[in-house]
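Dumped run.cif below, it's mmCIF, C-alpha atoms and all ligand atoms:
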data_query
#
loop_
_atom_site.label_atom_id
_atom_site.label_comp_id
_atom_site.auth_asym_id
_atom_site.auth_seq_id
_atom_site.Cartn_x
_atom_site.Cartn_y
_atom_site.Cartn_z
CA MET A 119 96.62 -66.49 -38.10
CA ILE A 120 94.61 -69.26 -36.48
CA LYS A 121 91.16 -67.77 -36.04
CA GLN A 122 88.92 -70.79 -36.67
CA ALA A 123 88.63 -74.05 -34.78
CA ILE A 124 86.65 -77.15 -35.63
CA ILE A 125 85.35 -79.72 -33.15
CA PRO A 126 84.05 -83.12 -34.30
CA LEU A 127 81.05 -83.93 -32.09
CA ALA A 128 79.17 -86.54 -34.09
CA GLY A 129 80.61 -89.56 -32.24
CA LEU A 130 78.18 -91.87 -30.48
CA GLY A 131 80.09 -92.10 -27.19
CA THR A 132 79.43 -95.83 -26.76
CA ARG A 133 82.36 -96.15 -24.35
CA LEU A 134 80.41 -94.00 -21.89
CA LEU A 135 77.14 -95.93 -21.99
CA PRO A 136 74.72 -95.80 -20.25
CA LEU A 137 75.51 -92.09 -19.59
CA THR A 138 75.39 -91.36 -23.32
CA SER A 139 72.23 -93.26 -24.23
CA VAL A 140 70.31 -89.95 -23.96
CA PHE A 141 72.94 -87.24 -23.34
CA PRO A 142 75.72 -86.30 -25.75
CA LYS A 143 78.99 -87.09 -23.95
CA GLU A 144 80.27 -83.56 -24.51
CA LEU A 145 77.48 -82.15 -22.35
CA LEU A 146 78.19 -84.48 -19.43
CA PRO A 147 79.46 -82.45 -16.48
CA ILE A 148 83.08 -82.68 -15.42
CA ASN A 149 83.37 -81.09 -12.00
CA GLY A 150 80.16 -79.13 -12.56
CA LYS A 151 80.83 -77.93 -16.12
CA PRO A 152 80.02 -79.62 -19.44
CA GLY A 153 83.15 -81.09 -21.03
CA ILE A 154 82.66 -79.06 -24.21
CA GLU A 155 83.00 -75.79 -22.25
CA TYR A 156 86.57 -76.68 -21.23
CA ILE A 157 87.37 -77.14 -24.91
CA LEU A 158 85.68 -73.84 -25.81
CA ASP A 159 87.57 -71.99 -23.05
CA GLU A 160 90.83 -73.35 -24.45
CA CYS A 161 89.96 -72.14 -27.97
CA ILE A 162 88.89 -68.67 -26.88
CA GLU A 163 91.95 -68.20 -24.69
CA ALA A 164 94.11 -69.25 -27.65
CA GLY A 165 92.63 -66.38 -29.73
CA VAL A 166 90.15 -68.33 -31.87
CA ASN A 167 87.02 -66.36 -32.75
CA GLU A 168 84.95 -68.85 -34.72
CA ILE A 169 84.28 -72.44 -33.73
CA ILE A 170 82.67 -74.96 -36.06
CA PHE A 171 80.81 -77.81 -34.40
CA ILE A 172 80.41 -80.96 -36.47
CA ILE A 173 77.31 -82.59 -35.00
CA SER A 174 74.74 -85.13 -36.19
CA LYS A 175 70.95 -85.29 -36.03
CA LYS A 176 71.36 -87.53 -33.00
CA LYS A 177 73.30 -84.81 -31.22
CA GLU A 178 70.89 -81.89 -31.71
CA MET A 179 70.91 -81.48 -27.94
CA ILE A 180 74.29 -79.77 -28.26
CA ARG A 181 72.75 -77.15 -30.54
CA LYS A 182 69.87 -76.70 -28.14
CA TYR A 183 72.28 -76.20 -25.20
CA PHE A 184 73.68 -73.10 -26.88
CA ASN A 185 70.35 -71.90 -28.32
CA ASN A 186 67.93 -72.04 -25.40
CA ASP A 187 67.40 -68.28 -25.16
CA ASN A 188 63.66 -68.20 -24.52
CA PHE A 189 64.03 -70.60 -21.63
CA TYR A 190 66.79 -68.53 -20.00
CA LYS A 191 64.99 -65.24 -20.60
CA SER A 192 61.79 -66.46 -18.94
CA ILE A 193 63.68 -67.90 -15.92
CA ILE A 194 65.78 -64.75 -15.50
CA LYS A 195 62.65 -62.55 -15.73
CA LYS A 196 61.03 -64.53 -12.93
CA LYS A 197 64.03 -65.13 -10.69
CA LYS A 198 66.71 -62.48 -11.37
CA ASP A 199 69.27 -64.98 -10.08
CA LEU A 200 72.78 -63.56 -10.58
CA ARG A 201 74.37 -66.96 -11.04
CA ILE A 202 71.93 -67.90 -13.81
CA ILE A 203 72.40 -64.50 -15.50
CA LYS A 204 76.17 -65.02 -15.48
CA GLU A 205 75.87 -68.54 -16.90
CA TYR A 206 73.48 -67.35 -19.60
CA LYS A 207 75.86 -64.56 -20.61
CA LYS A 208 78.63 -67.13 -20.97
CA ILE A 209 76.44 -69.33 -23.17
CA LEU A 210 75.48 -66.30 -25.30
CA PHE A 211 79.17 -65.44 -25.67
CA PHE A 212 79.90 -68.96 -26.95
CA LYS A 213 76.78 -69.06 -29.13
CA LYS A 214 77.90 -66.01 -31.12
CA LYS A 215 81.09 -67.82 -32.06
CA ILE A 216 79.68 -71.25 -32.93
CA LYS A 217 78.59 -72.53 -36.34
CA PHE A 218 77.12 -75.97 -36.96
CA VAL A 219 77.67 -78.46 -39.75
CA TYR A 220 76.35 -82.02 -39.92
CA GLN A 221 77.95 -85.43 -40.24
CA ASN A 222 75.03 -87.83 -40.01
CA LYS A 223 76.96 -90.98 -40.83
CA PRO A 224 79.86 -91.93 -38.52
CA LEU A 225 82.44 -92.26 -41.29
CA GLY A 226 85.43 -91.11 -39.25
CA THR A 227 87.37 -87.99 -38.23
CA GLY A 228 88.63 -87.35 -41.77
CA ASP A 229 85.07 -87.27 -43.07
CA ALA A 230 84.07 -84.94 -40.21
CA VAL A 231 86.84 -82.50 -41.16
CA LEU A 232 85.74 -82.55 -44.80
CA LYS A 233 82.28 -81.34 -43.77
CA THR A 234 83.78 -78.00 -42.69
CA LYS A 235 85.45 -77.27 -46.04
CA ARG A 236 83.13 -74.49 -47.21
CA LEU A 237 83.48 -72.61 -43.91
CA ILE A 238 87.27 -72.54 -43.56
CA LYS A 239 88.66 -69.13 -44.52
CA ASN A 240 92.39 -69.06 -43.74
CA ASN A 241 95.26 -71.31 -44.77
CA TYR A 242 95.38 -73.03 -41.38
CA PHE A 243 92.80 -73.94 -38.74
CA LEU A 244 92.73 -75.67 -35.38
CA MET A 245 90.99 -78.94 -34.59
CA LEU A 246 90.27 -80.14 -31.06
CA LEU A 247 88.97 -83.62 -30.24
CA PRO A 248 86.61 -83.22 -27.29
CA ASP A 249 87.55 -86.56 -25.66
CA ASP A 250 91.00 -85.16 -24.97
CA LEU A 251 91.14 -82.58 -22.21
CA ILE A 252 94.45 -80.93 -21.49
CA ILE A 253 94.57 -79.03 -18.24
CA LYS A 254 97.00 -76.66 -16.48
CA LYS A 255 98.48 -75.35 -19.75
CA ASN A 256 96.73 -74.16 -22.90
CA CYS A 257 97.97 -76.66 -25.49
CA SER A 258 96.25 -74.89 -28.43
CA LYS A 259 97.89 -71.59 -27.52
CA ASP A 260 101.35 -73.17 -27.35
CA MET A 261 100.79 -74.97 -30.66
CA ILE A 262 99.77 -71.70 -32.34
CA LYS A 263 103.13 -70.22 -31.25
CA ILE A 264 104.98 -73.17 -32.86
CA HIS A 265 102.86 -72.80 -36.00
CA LYS A 266 103.78 -69.11 -36.25
CA LYS A 267 107.47 -69.85 -35.81
CA TYR A 268 107.72 -72.64 -38.41
CA LYS A 269 104.76 -71.76 -40.69
CA ALA A 270 103.83 -75.44 -40.49
CA SER A 271 101.11 -77.83 -39.35
CA VAL A 272 101.37 -78.89 -35.72
CA MET A 273 99.94 -81.85 -33.80
CA ALA A 274 99.98 -82.64 -30.10
CA SER A 275 102.08 -85.56 -28.91
CA MET A 276 102.40 -87.60 -25.73
CA LYS A 277 104.29 -90.79 -24.85
CA VAL A 278 101.96 -93.72 -24.16
CA LYS A 279 102.57 -97.22 -22.81
CA LYS A 280 104.13 -99.47 -25.47
CA ASN A 281 101.37 -102.08 -25.19
CA ASN A 282 98.76 -99.37 -25.74
CA VAL A 283 99.92 -98.03 -29.11
CA ASP A 284 97.01 -99.66 -30.98
CA ARG A 285 94.64 -97.15 -29.35
CA TRP A 286 96.35 -94.12 -30.95
CA GLY A 287 97.81 -92.50 -34.03
CA ILE A 288 101.58 -93.09 -33.64
CA TYR A 289 104.40 -90.84 -34.87
CA SER A 290 107.65 -91.66 -36.50
CA ILE A 291 110.09 -88.86 -35.62
CA ASN A 292 112.42 -87.39 -38.25
CA LYS A 293 114.44 -85.05 -36.00
CA TYR A 294 114.02 -82.81 -32.97
CA LEU A 295 113.70 -79.07 -33.70
CA ASP A 296 114.06 -78.35 -29.97
CA LYS A 297 113.26 -80.15 -26.70
CA ALA A 298 109.48 -80.12 -27.14
CA ASN A 299 109.03 -80.15 -30.92
CA PHE A 300 109.94 -82.62 -33.63
CA LYS A 301 109.59 -83.00 -37.35
CA ILE A 302 107.23 -85.89 -38.14
CA SER A 303 108.41 -88.32 -40.82
CA ASP A 304 105.32 -90.54 -40.68
CA VAL A 305 102.15 -91.17 -38.69
CA ILE A 306 100.20 -94.42 -38.52
CA GLU A 307 96.66 -94.84 -37.26
CA LYS A 308 96.43 -97.37 -34.43
CA PRO A 309 99.29 -99.70 -35.41
CA HIS A 310 99.75 -103.17 -33.97
CA VAL A 311 102.34 -103.14 -31.19
CA ASN A 312 104.82 -104.98 -33.47
CA ASN A 313 104.53 -102.38 -36.26
CA ALA A 314 104.54 -99.21 -34.17
CA PRO A 315 107.41 -96.86 -35.12
CA SER A 316 107.47 -95.38 -31.57
CA ASN A 317 105.24 -94.83 -28.55
CA ASN A 318 104.71 -91.13 -29.29
CA ALA A 319 100.95 -90.80 -29.73
CA VAL A 320 98.75 -88.27 -31.49
CA ILE A 321 96.61 -86.36 -29.00
CA GLY A 322 93.52 -84.48 -30.13
CA ARG A 323 94.93 -81.03 -30.98
CA TYR A 324 95.83 -80.36 -34.60
CA ILE A 325 96.73 -77.24 -36.59
CA LEU A 326 95.83 -78.33 -40.09
CA PRO A 327 96.36 -76.71 -43.48
CA LYS A 328 93.42 -75.88 -45.73
CA LYS A 329 95.22 -77.98 -48.35
CA ILE A 330 94.20 -81.09 -46.43
CA PHE A 331 90.72 -80.89 -47.97
CA ASN A 332 92.23 -81.84 -51.34
CA TYR A 333 93.61 -85.00 -49.75
CA LEU A 334 90.43 -85.77 -47.81
CA LYS A 335 88.27 -85.57 -50.93
CA ASN A 336 89.81 -88.78 -52.23
CA GLN A 337 90.93 -90.34 -48.97
CA LYS A 338 90.21 -94.07 -48.91
CA LYS A 339 88.76 -95.75 -45.86
CA GLY A 340 91.33 -97.15 -43.44
CA LYS A 341 91.26 -98.88 -40.03
CA GLY A 342 87.75 -99.86 -38.93
CA ASN A 343 86.41 -98.87 -42.36
CA GLU A 344 86.60 -95.16 -41.44
CA ILE A 345 88.13 -92.15 -43.17
CA HIS A 346 90.95 -91.09 -40.86
CA ILE A 347 92.49 -87.65 -40.66
CA THR A 348 95.73 -89.49 -39.78
CA ASP A 349 95.79 -91.17 -43.22
CA ALA A 350 95.35 -87.84 -45.05
CA ILE A 351 98.08 -86.27 -42.90
CA ARG A 352 100.34 -89.20 -43.73
CA ARG A 353 99.92 -88.55 -47.47
CA MET A 354 100.65 -84.86 -46.96
CA ILE A 355 103.87 -85.71 -45.09
CA LEU A 356 104.92 -88.05 -47.91
CA ASP A 357 104.34 -85.07 -50.26
CA GLN A 358 106.94 -83.11 -48.24
CA ASN A 359 104.51 -80.94 -46.25
CA LEU A 360 105.97 -80.02 -42.86
CA PHE A 361 104.10 -81.42 -39.84
CA ILE A 362 105.51 -80.82 -36.38
CA GLY A 363 104.81 -82.92 -33.28
CA HIS A 364 104.48 -80.86 -30.11
CA LYS A 365 105.07 -82.48 -26.71
CA PHE A 366 102.61 -80.44 -24.69
CA LYS A 367 103.22 -79.35 -21.11
CA GLY A 368 99.73 -79.69 -19.62
CA ASN A 369 98.15 -82.77 -18.07
CA TYR A 370 96.17 -85.05 -20.35
CA LEU A 371 92.73 -86.35 -19.31
CA ASP A 372 90.88 -88.94 -21.41
CA CYS A 373 87.17 -88.10 -21.16
CA GLY A 374 86.09 -90.66 -23.74
CA SER A 375 86.36 -93.78 -21.58
CA MET A 376 84.44 -94.43 -18.37
CA ASN A 377 87.48 -94.63 -16.07
CA GLY A 378 89.02 -91.60 -17.75
CA TYR A 379 85.80 -89.63 -17.49
CA ILE A 380 85.46 -90.33 -13.75
CA ASN A 381 89.13 -89.51 -13.19
CA SER A 382 88.82 -86.21 -15.14
CA GLY A 383 86.30 -84.90 -12.62
CA ILE A 384 88.56 -85.86 -9.74
CA GLU A 385 91.67 -84.27 -11.30
CA ILE A 386 89.89 -81.04 -12.24
CA SER A 387 88.41 -80.72 -8.75
CA LYS A 388 91.97 -80.61 -7.36
CA ILE A 389 93.01 -77.52 -9.37
C1 LIG B 1 91.58 -90.23 -32.74
C2 LIG B 1 92.65 -90.32 -33.81
C3 LIG B 1 93.93 -90.91 -33.24
C4 LIG B 1 94.38 -90.11 -32.03
C5 LIG B 1 93.24 -90.00 -31.01
C6 LIG B 1 93.60 -89.04 -29.90
O1 LIG B 1 91.20 -91.54 -32.38
O2 LIG B 1 92.18 -91.07 -34.90
O3 LIG B 1 94.95 -90.90 -34.22
O4 LIG B 1 95.52 -90.71 -31.44
O5 LIG B 1 92.04 -89.52 -31.62
O6 LIG B 1 92.61 -89.06 -28.91
P1 LIG B 1 89.83 -91.87 -31.60
O7 LIG B 1 90.00 -91.38 -30.19
O8 LIG B 1 88.76 -91.11 -32.31
O9 LIG B 1 89.66 -93.35 -31.68
#
Could you rewrite the structure in this file as structure tokens?
Ligand code: G1P
Amino acid sequence: MIKQAIIPLAGLGTRLLPLTSVFPKELLPINGKPGIEYILDECIEAGVNEIIFIISKKKEMIRKYFNNDNFYKSIIKKKKDLRIIKEYKKILFFKKKIKFVYQNKPLGTGDAVLKTKRLIKNNYFLMLLPDDLIIKKNCSKDMIKIHKKYKASVMASMKVKKNNVDRWGIYSINKYLDKANFKISDVIEKPHVNNAPSNNAVIGRYILPKKIFNYLKNQKKGKGNEIHITDAIRRMILDQNLFIGHKFKGNYLDCGSMNGYINSGIEISKI
């Protein structure tokens, strides 16, 4: 059962400067709604009932966004505005499900995951990277179905342009289980175009096993001097743990870059 999700939110968002010099990128509106709420909606709809936010001291504003009760109560008392009441109820609903842990040094996604160790209860949990929005189809929900069928770890996959492989984790495919799912034989974090085993990229949805914490504890720094979840996954695959790549059906939107962020708003407004 996948009942917990984790969301790394400690990143600085430098690619979105100047918008992120004061605001956390995950609170920036995309078609009138903070990006993080799209991610939360996806989790809830997929059946997750606890969400762990990995934030940093610099991103306290995210905590405040979900814990601003006195402010809402005083406004609602004065104005009795139905729209505000509805929005507040939604925030309260999310708040009850969110827990916070801290990653104050930007040591990478693997290090962020390790911070959630003491809170993870079941053998598997979901991770969503908030830069990656997937619209029109709930990717997490579909991945949970694959996880149930194969009792394995699952990661989202999408083909990217060959000259862009050094921006992504890249899969090496062992064999196809069906049209949309394949057994992963290797995964490499941001390879040079000449060393890339394919152009099938890792997209930010992962169903990870609790066992990964044992690997992360002694995971050495990799590309960019960061601890990568990709490198820990790679070691697990070499130890014969089954990881499945899932070619998701929805549309991918990259909210982490300026062009992508602007385009996300446009695409979502068309739905
Ligand atoms: C992270 C992962 C990378 C993956 C990407 C998906 O990179 O390390 O393997 O392909 O997310 O968005 P980042 O975007 O943090 O550089």
Quick one, how far is CA of Leu237 (chain A) from CA of Ala128 (chain A)? 17.6 Å
Residue nearest ligand LIG 1 (chain B) among A:Leu135, A:Val278, A:Ile120, A:Leu158 (counting all atoms listed in the file):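 The closest residue to ligand LIG 1 (chain B) is A:Val278.
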Please measure the separation of atom C6 of ligand LIG 1 (chain B) and CA of Gly226 (chain A), giving the value in Å to one decimal. 12.6 Å
Out of A:Leu210, A:Ala270, A:Ile355, A:Leu246, which residue has the shortest atom-to-atom distance to Asn292 (chain A) when counting all atoms listed in the file?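 Among the listed residues, the smallest separation from Asn292 (chain A) belongs to A:Ile355.
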Need the shell around region 140-157 of chain A: protein/DNA/RNA residues with any atom at most 9 Å away, counting all atoms listed in the file. Skip same-chain ones fewer than 3 positions apart. Format as number ranges by chain? A: 125, 127, 129-131, 134, 136-137, 160-162, 176-180, 183, 212, 246-253, 373-374, 379-380, 382-387
When the cut-off is 8 Å and you count only C-alpha atoms and all ligand atoms, which residues lie near ligand LIG 1 (chain B), shown as an mmCIF file with C-alpha atoms, in the frame of the given file?
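Heads up, here's the output in out15.cif:
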data_model
loop_
_atom_site.group_PDB
_atom_site.id
_atom_site.type_symbol
_atom_site.label_atom_id
_atom_site.label_comp_id
_atom_site.auth_asym_id
_atom_site.auth_seq_id
_atom_site.Cartn_x
_atom_site.Cartn_y
_atom_site.Cartn_z
ATOM 1 C CA GLY A 226 85.430 -91.110 -39.250
ATOM 2 C CA THR A 227 87.370 -87.990 -38.230
ATOM 3 C CA LEU A 247 88.970 -83.620 -30.240
ATOM 4 C CA ASP A 249 87.550 -86.560 -25.660
ATOM 5 C CA ASP A 250 91.000 -85.160 -24.970
ATOM 6 C CA ARG A 285 94.640 -97.150 -29.350
ATOM 7 C CA TRP A 286 96.350 -94.120 -30.950
ATOM 8 C CA GLY A 287 97.810 -92.500 -34.030
ATOM 9 C CA ILE A 288 101.580 -93.090 -33.640
ATOM 10 C CA ILE A 306 100.200 -94.420 -38.520
ATOM 11 C CA GLU A 307 96.660 -94.840 -37.260
ATOM 12 C CA LYS A 308 96.430 -97.370 -34.430
ATOM 13 C CA ALA A 319 100.950 -90.800 -29.730
ATOM 14 C CA VAL A 320 98.750 -88.270 -31.490
ATOM 15 C CA ILE A 321 96.610 -86.360 -29.000
ATOM 16 C CA GLY A 322 93.520 -84.480 -30.130
ATOM 17 C CA HIS A 346 90.950 -91.090 -40.860
ATOM 18 C CA ILE A 347 92.490 -87.650 -40.660
ATOM 19 C CA THR A 348 95.730 -89.490 -39.780
ATOM 20 C CA ASP A 372 90.880 -88.940 -21.410
ATOM 21 C CA GLY A 374 86.090 -90.660 -23.740
#
Pull the neighbourhood of (98.9, -72.3, -28.8) for me: all residues within 10 Å in file coordinates, counting only C-alpha atoms, as a list in words.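 I get Ile120, Glu160, Cys161, Glu163, Ala164, Gly165, Leu244, Lys255, Asn256, Cys257, Ser258, Lys259, Asp260, Met261, Ile262, Lys263, Ile264, His265, Lys266, Val272, Arg323, Ile325 and Phe366 of chain A for the residues within 10 Å of that point.
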Neighbours of point (96.4, -73.9, -40.5) within 10 Å, using all atoms listed in the file, written as a VMD selection string: chain A and resid 119 to 123 238 to 245 262 265 to 266 269 to 272 324 to 330
